[in-house]
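Novice: Structure provided below as structure tokens; questions to follow.
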Amino acid sequence: MDNTALLVIDAQNEMFAEDNPVYNKDGLLENLKNLIEGARSANVPVIFVQHNDRALVAGNHDWQIHASVQPLAGEAVIQKTTPDSFHKTELQNALKAKNIQNLILAGNQTEYCIDTTCRRAYSLGYKVTLAKDGHGTWDSELLTAKQIIDHHNDVLSSFAELKEAKEIQFS
């Protein structure tokens, strides 16, 4: 796909920790791996976004990108400190340098970084595709993780085309 990039947001160890993983951890990791492999095999750029905060400190184990979806040498890794992958980061410059106009989004956390980045990408004029089974979260006090994901898929359909990960074609 010309002018397309896969954006993998916050696929960090903390999200998949054995003692408190995101909902459907194994299915999510499998979908992320398949999306990444599909993009790479079609020479579509894969850009990773990595969150930094008091718990996710650069260099610590929780902060590192999960081993099963590691970036390859030369793939961009954008550092961020807010849910918006564009805010005060190099993401916009990296996309412009590759003339990217279409973004495929996947990763964590549904109601924060996925939601905010999806809306921001749309407002910046990108055509956005959201892998509706390619983002994760945890239960909240009010809703299950599945309810949060389903709700955000419904709401974000105003800003992105939603597709199952297996439906996303890169070539």
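Residues in the structure tokens are numbered from 1 in each chain, the chains being A, B, ... in the order shown, and ligands are numbered from 1 in the order shown.
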Pull the helix (DSSP H, G or I) assignments for chain A out of DSSP run on the backbone, and list those residues as a PyMOL selection string.
Specialist: chain A and resi 13-16+25-41+67-69+91-97+110-123+145-156+165-167
Novice: Give me, as JSON lines, the closest atom pair and its distance (Å, one decimal) for every residue of region 95-132 of chain A within a cut-off of 6 Å of region 4-25 of chain A, counting only C-alpha atoms, rows sorted by chain and rising number.
Specialist:
```
{"residue": "A:Ile100", "atom": "CA", "partner": "A:Thr4", "partner_atom": "CA", "distance": 5.3}
{"residue": "A:Asn102", "atom": "CA", "partner": "A:Thr4", "partner_atom": "CA", "distance": 4.5}
{"residue": "A:Leu103", "atom": "CA", "partner": "A:Ala5", "partner_atom": "CA", "distance": 5.2}
{"residue": "A:Ile104", "atom": "CA", "partner": "A:Leu6", "partner_atom": "CA", "distance": 4.8}
{"residue": "A:Leu105", "atom": "CA", "partner": "A:Leu7", "partner_atom": "CA", "distance": 5.0}
{"residue": "A:Ala106", "atom": "CA", "partner": "A:Val8", "partner_atom": "CA", "distance": 5.2}
{"residue": "A:Gly107", "atom": "CA", "partner": "A:Ile9", "partner_atom": "CA", "distance": 4.5}
{"residue": "A:Asn108", "atom": "CA", "partner": "A:Asp10", "partner_atom": "CA", "distance": 5.3}
```
Novice: Could you write out the selected residues, including all heavy atoms, as a compact mmCIF listing (two decimals), in the first residue's frame?
Specialist:
```
# COMPACT_ATOMS: atom_id res chain seq x y z
N ILE A 100 3.56 9.62 4.15
CA ILE A 100 2.48 8.75 4.63
C ILE A 100 1.18 9.54 4.69
O ILE A 100 1.13 10.64 5.22
CB ILE A 100 2.81 8.16 6.02
CG1 ILE A 100 4.10 7.35 5.98
CG2 ILE A 100 1.63 7.36 6.57
CD1 ILE A 100 4.09 6.16 5.05
N ASN A 102 -1.90 7.35 4.92
CA ASN A 102 -2.82 6.35 5.47
C ASN A 102 -2.15 5.68 6.67
O ASN A 102 -1.02 5.22 6.56
CB ASN A 102 -3.13 5.28 4.42
CG ASN A 102 -3.65 5.87 3.14
OD1 ASN A 102 -4.66 6.54 3.12
ND2 ASN A 102 -2.92 5.63 2.05
N LEU A 103 -2.88 5.62 7.77
CA LEU A 103 -2.35 4.99 8.98
C LEU A 103 -3.22 3.82 9.40
O LEU A 103 -4.45 3.92 9.41
CB LEU A 103 -2.31 5.99 10.14
CG LEU A 103 -1.28 7.10 10.05
CD1 LEU A 103 -1.45 8.06 11.22
CD2 LEU A 103 0.13 6.52 10.03
N ILE A 104 -2.57 2.73 9.75
CA ILE A 104 -3.24 1.59 10.35
C ILE A 104 -2.80 1.58 11.81
O ILE A 104 -1.60 1.57 12.10
CB ILE A 104 -2.87 0.29 9.64
CG1 ILE A 104 -3.35 0.37 8.18
CG2 ILE A 104 -3.47 -0.92 10.36
CD1 ILE A 104 -2.79 -0.68 7.28
N LEU A 105 -3.77 1.64 12.73
CA LEU A 105 -3.46 1.74 14.15
C LEU A 105 -3.75 0.43 14.88
O LEU A 105 -4.77 -0.21 14.65
CB LEU A 105 -4.30 2.82 14.81
CG LEU A 105 -4.18 4.26 14.31
CD1 LEU A 105 -5.03 5.19 15.17
CD2 LEU A 105 -2.76 4.73 14.28
N ALA A 106 -2.85 0.12 15.83
CA ALA A 106 -3.02 -1.03 16.71
C ALA A 106 -2.18 -0.80 17.96
O ALA A 106 -1.26 0.02 17.95
CB ALA A 106 -2.59 -2.31 15.99
N GLY A 107 -2.50 -1.50 19.03
CA GLY A 107 -1.70 -1.41 20.25
C GLY A 107 -2.52 -1.20 21.50
O GLY A 107 -3.61 -1.75 21.65
N ASN A 108 -2.02 -0.38 22.40
CA ASN A 108 -2.62 -0.15 23.71
C ASN A 108 -2.66 1.34 24.04
O ASN A 108 -1.91 2.10 23.47
CB ASN A 108 -1.81 -0.87 24.79
CG ASN A 108 -1.93 -2.37 24.67
OD1 ASN A 108 -3.01 -2.91 24.83
ND2 ASN A 108 -0.83 -3.03 24.37
```
Novice: I need the residues in region 14-170 of chain A that are strand (DSSP E) according to DSSP; give them as a PyMOL selection string.
Specialist: chain A and resi 46-51+77-80+102-108+127-136+161-163
Novice: Given the selection you just returned, output its residues as a file containing C-alpha atoms, formatted as a compact mmCIF listing (two decimals), in the first residue's frame.
Specialist:
```txt
# COMPACT_ATOMS: atom_id res chain seq x y z
CA VAL A 46 6.15 -0.10 10.77
CA ILE A 47 6.42 2.70 13.32
CA PHE A 48 6.44 1.89 17.02
CA VAL A 49 5.30 4.35 19.68
CA GLN A 50 6.62 3.87 23.19
CA HIS A 51 5.08 5.49 26.25
CA VAL A 77 10.49 4.09 17.55
CA ILE A 78 8.77 7.30 18.65
CA GLN A 79 8.87 8.26 22.33
CA LYS A 80 5.80 9.93 23.89
CA ASN A 102 -2.82 6.35 5.47
CA LEU A 103 -2.35 4.99 8.98
CA ILE A 104 -3.24 1.59 10.35
CA LEU A 105 -3.46 1.74 14.15
CA ALA A 106 -3.02 -1.03 16.71
CA GLY A 107 -1.70 -1.41 20.25
CA ASN A 108 -2.62 -0.15 23.71
CA LYS A 127 -7.00 8.23 6.42
CA VAL A 128 -7.11 5.96 9.45
CA THR A 129 -7.80 2.24 9.68
CA LEU A 130 -8.20 0.82 13.18
CA ALA A 131 -7.61 -2.87 13.74
CA LYS A 132 -10.74 -3.42 15.82
CA ASP A 133 -9.28 -6.58 17.37
CA GLY A 134 -5.79 -5.12 17.53
CA HIS A 135 -6.02 -2.92 20.62
CA GLY A 136 -6.34 -3.72 24.28
CA GLU A 161 -12.39 2.53 9.03
CA LEU A 162 -12.61 -0.51 11.31
CA LYS A 163 -11.34 -3.89 10.19
```
Novice: Hey, which of A:Gln92, A:Gln101, A:Thr116, A:Ser68 ends up closest to Asp26 (chain A)? Count only C-alpha atoms.
Specialist: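 So, comparing all the options, the nearest one is A:Ser68.
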Novice: Could you tell me which of A:Asp62, A:Thr82, A:Glu111, A:Gly27 comes closest to Asp139 (chain A) if we count only C-alpha atoms?
Specialist: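 Of all the options, A:Glu111 lies closest to Asp139 (chain A).
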Novice: Using only C-alpha atoms for the distances, tell me which of A:Ile168, A:Cys113, A:Val155, A:Ala55 is nearest to Gly38 (chain A).
Specialist: A:Ile168
Novice: So that I can see what lies close to Val69 (chain A), please list as an mmCIF file with N, CA and C atoms, in the first residue's frame the residues with an atom at most 9 Å from it, counting only C-alpha atoms and leaving out residues fewer than 5 positions away in the same chain.
Specialist:
```cif
data_model
loop_
_atom_site.group_PDB
_atom_site.id
_atom_site.type_symbol
_atom_site.label_atom_id
_atom_site.label_comp_id
_atom_site.auth_asym_id
_atom_site.auth_seq_id
_atom_site.Cartn_x
_atom_site.Cartn_y
_atom_site.Cartn_z
ATOM 1 N N ALA A 11 3.062 -1.236 22.748
ATOM 2 C CA ALA A 11 3.101 -2.702 22.860
ATOM 3 C C ALA A 11 4.251 -3.080 23.797
ATOM 4 N N LEU A 29 -1.537 -10.061 21.093
ATOM 5 C CA LEU A 29 -0.147 -10.214 20.624
ATOM 6 C C LEU A 29 -0.097 -10.917 19.269
ATOM 7 N N LEU A 32 -1.144 -8.403 16.643
ATOM 8 C CA LEU A 32 -0.068 -7.431 16.426
ATOM 9 C C LEU A 32 1.055 -8.057 15.601
ATOM 10 N N LYS A 33 1.459 -9.282 15.957
ATOM 11 C CA LYS A 33 2.521 -9.962 15.191
ATOM 12 C C LYS A 33 2.122 -10.119 13.732
ATOM 13 N N ILE A 36 2.249 -6.760 11.910
ATOM 14 C CA ILE A 36 3.639 -6.351 11.690
ATOM 15 C C ILE A 36 4.269 -7.176 10.569
#
```
Novice: Excluding same-chain residues fewer than 5 positions from Asn99 (chain A), what lies within 12 Å of it counting only C-alpha atoms, as a PyMOL selection string?
Specialist: chain A and resi 2-5+44-45+92-94+126
Novice: I'd like the interatomic distance between CA of Tyr112 (chain A) and CA of Asn52 (chain A), to a tenth of an Å.
Specialist: 13.9 Å
Novice: So how far away is CA of Gln109 (chain A) from CA of Thr137 (chain A), in Å?
Specialist: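 These two atoms are separated by 5.1 Å.
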